[in-house]
Structure formats: C-alpha cells, structure tokens
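Listing of start.cif, mmCIF, C-alpha atoms
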data_query
loop_
_atom_site.group_PDB
_atom_site.id
_atom_site.type_symbol
_atom_site.label_atom_id
_atom_site.label_comp_id
_atom_site.auth_asym_id
_atom_site.auth_seq_id
_atom_site.Cartn_x
_atom_site.Cartn_y
_atom_site.Cartn_z
ATOM 1 C CA MET A 1 -51.880 -22.938 42.638
ATOM 2 C CA ALA A 2 -53.231 -24.113 46.011
ATOM 3 C CA GLY A 3 -53.323 -20.586 47.400
ATOM 4 C CA ASN A 4 -49.644 -19.946 46.668
ATOM 5 C CA LEU A 5 -49.434 -16.148 46.668
ATOM 6 C CA LYS A 6 -45.911 -16.098 45.225
ATOM 7 C CA VAL A 7 -46.993 -18.134 42.181
ATOM 8 C CA SER A 8 -50.033 -15.875 41.710
ATOM 9 C CA HIS A 9 -47.860 -12.745 41.783
ATOM 10 C CA MET A 10 -45.387 -14.325 39.357
ATOM 11 C CA ILE A 11 -48.166 -15.167 36.887
ATOM 12 C CA GLU A 12 -49.514 -11.630 37.205
ATOM 13 C CA ALA A 13 -46.052 -10.136 36.574
ATOM 14 C CA LEU A 14 -45.478 -12.401 33.566
ATOM 15 C CA SER A 15 -48.924 -11.469 32.256
ATOM 16 C CA THR A 16 -48.095 -7.755 32.564
ATOM 17 C CA MET A 17 -44.830 -8.246 30.648
ATOM 18 C CA LEU A 18 -46.520 -10.334 27.946
ATOM 19 C CA SER A 19 -49.322 -7.795 27.612
ATOM 20 C CA ALA A 20 -46.793 -4.966 27.194
ATOM 21 C CA ALA A 21 -44.834 -6.889 24.573
ATOM 22 C CA THR A 22 -47.887 -7.855 22.535
ATOM 23 C CA ALA A 23 -49.525 -4.414 22.772
ATOM 24 C CA ARG A 24 -46.381 -2.665 21.541
ATOM 25 C CA GLY A 25 -47.504 -2.917 17.929
ATOM 26 C CA THR A 26 -50.909 -1.379 18.667
ATOM 27 C CA LYS A 27 -49.930 1.676 20.706
ATOM 28 C CA SER A 28 -46.692 3.557 20.615
ATOM 29 C CA SER A 29 -47.004 5.565 23.820
ATOM 30 C CA VAL A 30 -48.321 5.117 27.335
ATOM 31 C CA TYR A 31 -48.497 7.099 30.531
ATOM 32 C CA LEU A 32 -45.283 7.003 32.548
ATOM 33 C CA SER A 33 -47.238 5.229 35.299
ATOM 34 C CA GLU A 34 -47.987 2.343 32.911
ATOM 35 C CA GLU A 35 -44.366 2.179 31.762
ATOM 36 C CA LEU A 36 -43.282 1.976 35.406
ATOM 37 C CA SER A 37 -45.765 -0.865 35.953
ATOM 38 C CA TYR A 38 -43.823 -2.861 33.330
ATOM 39 C CA VAL A 39 -40.625 -2.087 35.237
ATOM 40 C CA ASP A 40 -42.262 -3.212 38.491
ATOM 41 C CA ALA A 41 -43.449 -6.469 36.899
ATOM 42 C CA TYR A 42 -39.954 -7.194 35.600
ATOM 43 C CA LEU A 43 -38.413 -6.359 38.992
ATOM 44 C CA TYR A 44 -40.873 -8.669 40.745
ATOM 45 C CA ILE A 45 -39.791 -11.548 38.512
ATOM 46 C CA ILE A 46 -36.119 -10.779 39.200
ATOM 47 C CA SER A 47 -36.729 -10.374 42.940
ATOM 48 C CA VAL A 48 -37.922 -13.979 43.083
ATOM 49 C CA ARG A 49 -34.483 -14.974 41.832
ATOM 50 C CA LEU A 50 -32.344 -12.505 43.819
ATOM 51 C CA GLY A 51 -34.499 -11.892 46.892
ATOM 52 C CA LYS A 52 -33.121 -9.356 49.359
ATOM 53 C CA ARG A 53 -29.814 -9.259 47.490
ATOM 54 C CA LEU A 54 -31.483 -6.805 45.077
ATOM 55 C CA ARG A 55 -32.281 -3.402 46.535
ATOM 56 C CA VAL A 56 -34.346 -0.992 44.472
ATOM 57 C CA ALA A 57 -34.911 2.676 45.224
ATOM 58 C CA ARG A 58 -37.353 4.890 43.350
ATOM 59 C CA GLU A 59 -37.081 8.650 42.961
ATOM 60 C CA ILE A 60 -40.147 9.419 40.857
ATOM 61 C CA ASP A 61 -41.745 12.845 40.568
ATOM 62 C CA GLU A 62 -45.386 11.779 40.916
ATOM 63 C CA ALA A 63 -46.577 14.799 38.935
ATOM 64 C CA LEU A 64 -44.974 13.150 35.894
ATOM 65 C CA LEU A 65 -46.878 9.866 36.104
ATOM 66 C CA VAL A 66 -49.411 11.133 33.542
ATOM 67 C CA VAL A 67 -46.926 12.279 30.893
ATOM 68 C CA SER A 68 -46.655 10.325 27.676
ATOM 69 C CA VAL A 69 -43.611 8.126 26.975
ATOM 70 C CA PRO A 70 -42.831 5.580 24.267
ATOM 71 C CA GLN A 71 -43.976 2.139 25.369
ATOM 72 C CA LEU A 72 -41.268 -0.216 26.682
ATOM 73 C CA VAL A 73 -38.591 2.468 26.830
ATOM 74 C CA MET A 74 -37.595 2.168 30.506
ATOM 75 C CA GLN A 75 -37.888 -1.574 31.152
ATOM 76 C CA PRO A 76 -34.998 -2.478 28.788
ATOM 77 C CA LEU A 77 -32.681 -0.147 30.763
ATOM 78 C CA VAL A 78 -33.598 -1.830 34.011
ATOM 79 C CA GLU A 79 -33.175 -5.258 32.429
ATOM 80 C CA ASN A 80 -29.768 -4.238 31.063
ATOM 81 C CA ALA A 81 -28.627 -3.078 34.524
ATOM 82 C CA ILE A 82 -29.826 -6.303 36.132
ATOM 83 C CA GLU A 83 -28.400 -8.683 33.547
ATOM 84 C CA HIS A 84 -25.016 -7.009 33.024
ATOM 85 C CA ALA A 85 -24.216 -5.523 36.435
ATOM 86 C CA ILE A 86 -26.296 -7.067 39.207
ATOM 87 C CA ALA A 87 -26.996 -10.686 38.168
ATOM 88 C CA PRO A 88 -23.319 -11.609 37.621
ATOM 89 C CA ARG A 89 -22.584 -10.514 41.208
ATOM 90 C CA GLN A 90 -25.880 -11.999 42.460
ATOM 91 C CA ARG A 91 -26.535 -8.773 44.401
ATOM 92 C CA GLY A 92 -26.726 -5.038 43.876
ATOM 93 C CA GLU A 93 -28.553 -1.762 44.127
ATOM 94 C CA LEU A 94 -30.650 -0.097 41.468
ATOM 95 C CA THR A 95 -32.132 3.394 41.554
ATOM 96 C CA ILE A 96 -34.931 4.349 39.156
ATOM 97 C CA ARG A 97 -35.608 8.045 38.605
ATOM 98 C CA ALA A 98 -38.069 10.199 36.681
ATOM 99 C CA TYR A 99 -37.776 13.967 36.861
ATOM 100 C CA ARG A 100 -38.316 17.130 34.887
ATOM 101 C CA GLU A 101 -35.378 19.132 33.581
ATOM 102 C CA GLU A 102 -36.621 22.316 31.902
ATOM 103 C CA ASP A 103 -38.922 21.104 29.080
ATOM 104 C CA ASP A 104 -37.584 17.555 29.112
ATOM 105 C CA LEU A 105 -38.463 14.362 30.920
ATOM 106 C CA VAL A 106 -35.438 12.463 32.227
ATOM 107 C CA LEU A 107 -35.661 8.755 33.061
ATOM 108 C CA GLU A 108 -32.709 7.067 34.751
ATOM 109 C CA ALA A 109 -31.636 3.608 35.854
ATOM 110 C CA GLU A 110 -28.475 3.713 37.980
ATOM 111 C CA ASN A 111 -26.798 0.602 39.349
ATOM 112 C CA ASP A 112 -23.948 0.193 41.809
ATOM 113 C CA GLY A 113 -21.641 -1.558 39.356
ATOM 114 C CA GLU A 114 -19.116 0.337 37.252
ATOM 115 C CA MET A 115 -18.652 -0.655 33.615
ATOM 116 C CA ALA A 116 -15.174 -1.639 32.453
ATOM 117 C CA GLU A 117 -13.708 0.912 30.027
ATOM 118 C CA GLY A 118 -13.877 -1.577 27.137
ATOM 119 C CA ASP A 119 -17.547 -2.301 27.820
ATOM 120 C CA LEU A 120 -18.297 1.414 28.084
ATOM 121 C CA ALA A 121 -16.595 2.075 24.734
ATOM 122 C CA ALA A 122 -18.514 -0.803 23.114
ATOM 123 C CA THR A 123 -21.787 0.543 24.544
ATOM 124 C CA THR A 124 -21.054 4.041 23.238
ATOM 125 C CA THR A 125 -20.337 2.579 19.785
ATOM 126 C CA LEU A 126 -23.543 0.555 19.966
ATOM 127 C CA LEU A 127 -25.642 3.628 20.804
ATOM 128 C CA GLN A 128 -24.136 5.497 17.832
ATOM 129 C CA TRP A 129 -24.491 2.507 15.488
ATOM 130 C CA ASP A 130 -26.376 2.531 12.240
ATOM 131 C CA GLU A 131 -26.443 0.021 9.390
ATOM 132 C CA SER A 132 -23.864 1.964 7.335
ATOM 133 C CA SER A 133 -21.150 1.864 10.047
ATOM 134 C CA GLY A 134 -19.926 -1.647 9.237
ATOM 135 C CA TYR A 135 -20.084 -2.557 12.949
ATOM 136 C CA THR A 136 -22.213 -5.575 13.857
ATOM 137 C CA PRO A 137 -23.546 -5.395 17.424
ATOM 138 C CA LYS A 138 -23.979 -8.451 19.642
ATOM 139 C CA SER A 139 -27.590 -9.638 19.629
ATOM 140 C CA GLY A 140 -27.804 -9.398 23.444
ATOM 141 C CA SER A 141 -27.175 -5.660 23.265
ATOM 142 C CA LEU A 142 -29.839 -4.755 20.749
ATOM 143 C CA GLY A 143 -32.449 -3.724 23.354
ATOM 144 C CA ILE A 144 -30.684 -0.529 24.400
ATOM 145 C CA ARG A 145 -29.735 0.287 20.815
ATOM 146 C CA ASN A 146 -33.363 -0.116 19.741
ATOM 147 C CA VAL A 147 -34.564 2.117 22.588
ATOM 148 C CA ASN A 148 -32.110 4.828 21.540
ATOM 149 C CA GLN A 149 -33.010 4.601 17.857
ATOM 150 C CA ARG A 150 -36.764 4.661 18.570
ATOM 151 C CA ILE A 151 -36.373 7.826 20.649
ATOM 152 C CA LYS A 152 -34.287 9.544 17.974
ATOM 153 C CA ILE A 153 -36.759 8.591 15.237
ATOM 154 C CA LEU A 154 -39.703 9.862 17.300
ATOM 155 C CA TYR A 155 -38.195 13.068 18.696
ATOM 156 C CA GLY A 156 -34.949 13.900 16.878
ATOM 157 C CA ALA A 157 -31.225 13.868 17.584
ATOM 158 C CA ALA A 158 -31.481 16.028 20.736
ATOM 159 C CA TYR A 159 -33.150 13.130 22.564
ATOM 160 C CA GLY A 160 -32.086 9.585 23.292
ATOM 161 C CA LEU A 161 -30.161 7.301 25.609
ATOM 162 C CA THR A 162 -26.728 7.697 27.158
ATOM 163 C CA ILE A 163 -24.866 5.298 29.432
ATOM 164 C CA GLU A 164 -21.903 6.409 31.497
ATOM 165 C CA ASN A 165 -19.840 5.683 34.575
ATOM 166 C CA THR A 166 -20.279 8.261 37.331
ATOM 167 C CA ALA A 167 -17.838 9.768 39.817
ATOM 168 C CA ARG A 168 -19.561 7.581 42.463
ATOM 169 C CA LYS A 169 -18.380 4.473 40.549
ATOM 170 C CA THR A 170 -21.875 3.576 39.394
ATOM 171 C CA THR A 171 -23.323 3.066 35.924
ATOM 172 C CA LEU A 172 -26.010 5.544 34.885
ATOM 173 C CA ALA A 173 -28.349 4.966 31.951
ATOM 174 C CA ARG A 174 -30.266 8.163 31.125
ATOM 175 C CA ILE A 175 -33.102 8.718 28.667
ATOM 176 C CA ARG A 176 -33.990 12.255 27.669
ATOM 177 C CA LEU A 177 -37.434 12.823 26.116
ATOM 178 C CA PRO A 178 -39.517 15.878 25.378
ATOM 179 C CA LEU A 179 -42.015 16.412 28.166
ATOM 180 C CA ILE A 180 -45.401 15.664 26.599
ATOM 181 C CA GLU A 181 -48.204 16.652 28.934
ATOM 182 C CA ALA A 182 -51.166 14.307 29.058
ATOM 183 C CA ALA A 183 -54.600 15.364 27.867
ATOM 184 C CA GLY A 184 -56.627 16.938 30.681
ATOM 185 C CA ASP A 185 -59.548 14.520 30.215
ATOM 186 C CA GLY A 186 -57.776 11.519 31.780
ATOM 187 C CA SER A 187 -57.889 9.582 28.531
ATOM 188 C CA ALA A 188 -55.191 7.136 27.487
ATOM 189 C CA ALA A 189 -51.829 8.389 26.345
ATOM 190 C CA ASN A 190 -51.562 9.752 22.825
ATOM 191 C CA ASP A 191 -50.973 6.900 20.378
ATOM 192 C CA ASP A 192 -49.607 9.230 17.706
ATOM 193 C CA VAL A 193 -46.288 9.778 19.497
#
Translate this file's structure into structure tokens.
Amino acid sequence: MAGNLKVSHMIEALSTMLSAATARGTKSSVYLSEELSYVDAYLYIISVRLGKRLRVAREIDEALLVVSVPQLVMQPLVENAIEHAIAPRQRGELTIRAYREEDDLVLEAENDGEMAEGDLAATTTLLQWDESSGYTPKSGSLGIRNVNQRIKILYGAAYGLTIENTARKTTLARIRLPLIEAAGDGSAANDDV
C-alpha cells in the first residue's frame, strides 16, 4: 500500500462491512454505536466515489449509543438513500438521526431528493408486501423490505419502517423500535433480541 492512507481506510471500511455481514448470523442485535459504525464504513466507501458532493449531517442523541438495535438495520436505509436519490444526481445531502420518542427509539435517514409519486407508491406496496399478496418485488428493493419484516417479526406490527416525502421536498426513511436499554455492566448487546 506504500503508505497510502486512503487505501488503508478503504480496506478498513470494507473489512467493517464484511465483518458486519458475516456476523449477522451469529448475533441478532448490537449497540446503536456499532450499528452506526457500519453506516460510517459504508459512507466512507461512498465518499471516495462522491467526495465533497456528498454532505452528511448527524443528529444522534449520544445517550442512545448503548441501546440495543437489530444488526444491519440502519445501513440499508442509508444505502437506499445513496443509491436511489444521491448517486443518480452525483451529489446530495443526507441526515442521519437517532432520538427517543416516549418509549421508542427512532432512527432516520433523510435525503434531499424527493421520490416520484409512482416510486413512493411502489415503496409503500413493497413495505406492506408478503408472499400471499401476489406482488413480486424487484430484487434491488429487497433490503428495505427485509429490514421492515425483521423489525415486525422481532417487535410486532407497531414497529417497522416507513418511507415518505416531506413538506420540505425530501425523502424520509424512519425506523421505529422499542427502546431497549443496555445492561448496566457494559457487556455486549443482548443477542436474544
């Protein structure tokens, strides 16, 4: 690598993503801080491609970094925003949020592109899809559907993923989860979630 810092960081980011993908079968939940590290690794890889044309803001309640979340639940939302809204324009803004709302944890990825009405309707159908509906989703859209279904299986119908256009002409992907406080001993996130 001849001291090339950019290559070293890229290998580290790819390693983080590979580690997350291969560990998914062994642990079902992680601390929010670990989940956000997967997001950061993905964003580093994308920033090499887009450079300063990608602006990312973070609004993260740091008190929530030790709550338990399903592994690889946030990174697919960020990837979806990049691939469908920002990459086609080769520039854009993305805001990542984590905050508490009553007894729930809310995770958001908001981008500065507005979805066309047809795409929004297709996304809504995809998020409501099950095998008995007769609808066959596109393979490129399965990530967000899988995230939504995993959340509903783990926590019930009151939780899950929504994607909508906002009054500010942005696209907002929002995950609602029950707020699961971490164990006070600093141990790893509960793998039974």
Practice problem: List the residues matched by the PyMOL selection byres ((chain A and resi 166) around 12) in the displayed structure as a PyMOL selection string, ordered by chain and then by residue number. | Solution: chain A and resi 110-115+120+163-165+167-174
Any chance you could export the current selection's C-alpha atoms as a PDB file, keeping the file's coordinate frame?
ATOM      1  CA  GLU A 110     -28.475   3.713  37.980  1.00  0.00           C
ATOM      2  CA  ASN A 111     -26.798   0.602  39.349  1.00  0.00           C
ATOM      3  CA  ASP A 112     -23.948   0.193  41.809  1.00  0.00           C
ATOM      4  CA  GLY A 113     -21.641  -1.558  39.356  1.00  0.00           C
ATOM      5  CA  GLU A 114     -19.116   0.337  37.252  1.00  0.00           C
ATOM      6  CA  MET A 115     -18.652  -0.655  33.615  1.00  0.00           C
ATOM      7  CA  LEU A 120     -18.297   1.414  28.084  1.00  0.00           C
ATOM      8  CA  ILE A 163     -24.866   5.298  29.432  1.00  0.00           C
ATOM      9  CA  GLU A 164     -21.903   6.409  31.497  1.00  0.00           C
ATOM     10  CA  ASN A 165     -19.840   5.683  34.575  1.00  0.00           C
ATOM     11  CA  ALA A 167     -17.838   9.768  39.817  1.00  0.00           C
ATOM     12  CA  ARG A 168     -19.561   7.581  42.463  1.00  0.00           C
ATOM     13  CA  LYS A 169     -18.380   4.473  40.549  1.00  0.00           C
ATOM     14  CA  THR A 170     -21.875   3.576  39.394  1.00  0.00           C
ATOM     15  CA  THR A 171     -23.323   3.066  35.924  1.00  0.00           C
ATOM     16  CA  LEU A 172     -26.010   5.544  34.885  1.00  0.00           C
ATOM     17  CA  ALA A 173     -28.349   4.966  31.951  1.00  0.00           C
ATOM     18  CA  ARG A 174     -30.266   8.163  31.125  1.00  0.00           C
TER      19      ARG A 174
END
Practice problem: Find the spatial neighbours of A:Leu36, counting only C-alpha atoms, within a cut-off of 9 Å - ignore same-chain residues fewer than 5 positions away - and output them as a list of chain:residue names. | Solution: A:Tyr31, A:Ala41, A:Leu65, A:Met74, A:Gln75
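Closest to A:Ala157 among A:Ala121, A:Leu177, A:Ala87, A:Val67 is A:Leu177, based on only C-alpha atoms.
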Exercise. Would you list the contacts of A:Tyr159 as a PyMOL selection string, taking every protein, DNA or RNA residue within 10 Å and counting all atoms listed in the file, but skipping same-chain residues closer than 6 positions in sequence?
Key: chain A and resi 104-106+148-149+151-153+175-178
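Candidate residues A:Glu59, A:Leu127, A:Leu64, A:Leu54 were compared for distance to A:Leu94, and the nearest is A:Leu54, using all atoms listed in the file.
Atom pair atom CA of A:Thr95 / atom CA of A:Leu142: separated by 22.5 Å.
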Quiz item: Could you spell out the hits of the PyMOL selection byres ((chain A and resi 84) around 12) on the shown file, as a list in words?
Solution: Pro76, Leu77, Val78, Glu79, Asn80, Ala81, Ile82, Glu83, Ala85, Ile86, Ala87, Pro88, Arg89, Gln90, Arg91, Gly92, Asn111, Asp112, Gly113, Glu114, Met115, Ala116, Asp119, Leu120, Thr123, Gly140, Ser141 and Thr171 of chain A
Can I get the selection written as a JSON list (two decimals), in the coordinates of the input, with C-alpha atoms?
[["chain", "number", "residue", "atom", "x", "y", "z"],
["A", 76, "PRO", "CA", -35.00, -2.48, 28.79],
["A", 77, "LEU", "CA", -32.68, -0.15, 30.76],
["A", 78, "VAL", "CA", -33.60, -1.83, 34.01],
["A", 79, "GLU", "CA", -33.17, -5.26, 32.43],
["A", 80, "ASN", "CA", -29.77, -4.24, 31.06],
["A", 81, "ALA", "CA", -28.63, -3.08, 34.52],
["A", 82, "ILE", "CA", -29.83, -6.30, 36.13],
["A", 83, "GLU", "CA", -28.40, -8.68, 33.55],
["A", 85, "ALA", "CA", -24.22, -5.52, 36.44],
["A", 86, "ILE", "CA", -26.30, -7.07, 39.21],
["A", 87, "ALA", "CA", -27.00, -10.69, 38.17],
["A", 88, "PRO", "CA", -23.32, -11.61, 37.62],
["A", 89, "ARG", "CA", -22.58, -10.51, 41.21],
["A", 90, "GLN", "CA", -25.88, -12.00, 42.46],
["A", 91, "ARG", "CA", -26.54, -8.77, 44.40],
["A", 92, "GLY", "CA", -26.73, -5.04, 43.88],
["A", 111, "ASN", "CA", -26.80, 0.60, 39.35],
["A", 112, "ASP", "CA", -23.95, 0.19, 41.81],
["A", 113, "GLY", "CA", -21.64, -1.56, 39.36],
["A", 114, "GLU", "CA", -19.12, 0.34, 37.25],
["A", 115, "MET", "CA", -18.65, -0.66, 33.62],
["A", 116, "ALA", "CA", -15.17, -1.64, 32.45],
["A", 119, "ASP", "CA", -17.55, -2.30, 27.82],
["A", 120, "LEU", "CA", -18.30, 1.41, 28.08],
["A", 123, "THR", "CA", -21.79, 0.54, 24.54],
["A", 140, "GLY", "CA", -27.80, -9.40, 23.44],
["A", 141, "SER", "CA", -27.18, -5.66, 23.26],
["A", 171, "THR", "CA", -23.32, 3.07, 35.92]]
Quiz item: Which residues match the PyMOL selection byres ((chain A and resi 69) around 7) in the file above, as a list of chain:residue names?
Solution: A:Ser29, A:Val30, A:Tyr31, A:Leu32, A:Val67, A:Ser68, A:Pro70, A:Gln71
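Atom CA of A:Leu43 is positioned 19.5 Å from atom CA of A:Glu62.
Atom to atom, atom CA of A:Lys27 and atom CA of A:Arg58 stand 26.1 Å apart.
Among the candidates A:Leu72, A:Leu107, A:Ala57, A:Leu126, the residue lying nearest to A:Ser37 is A:Leu72 (atoms considered: only C-alpha atoms).
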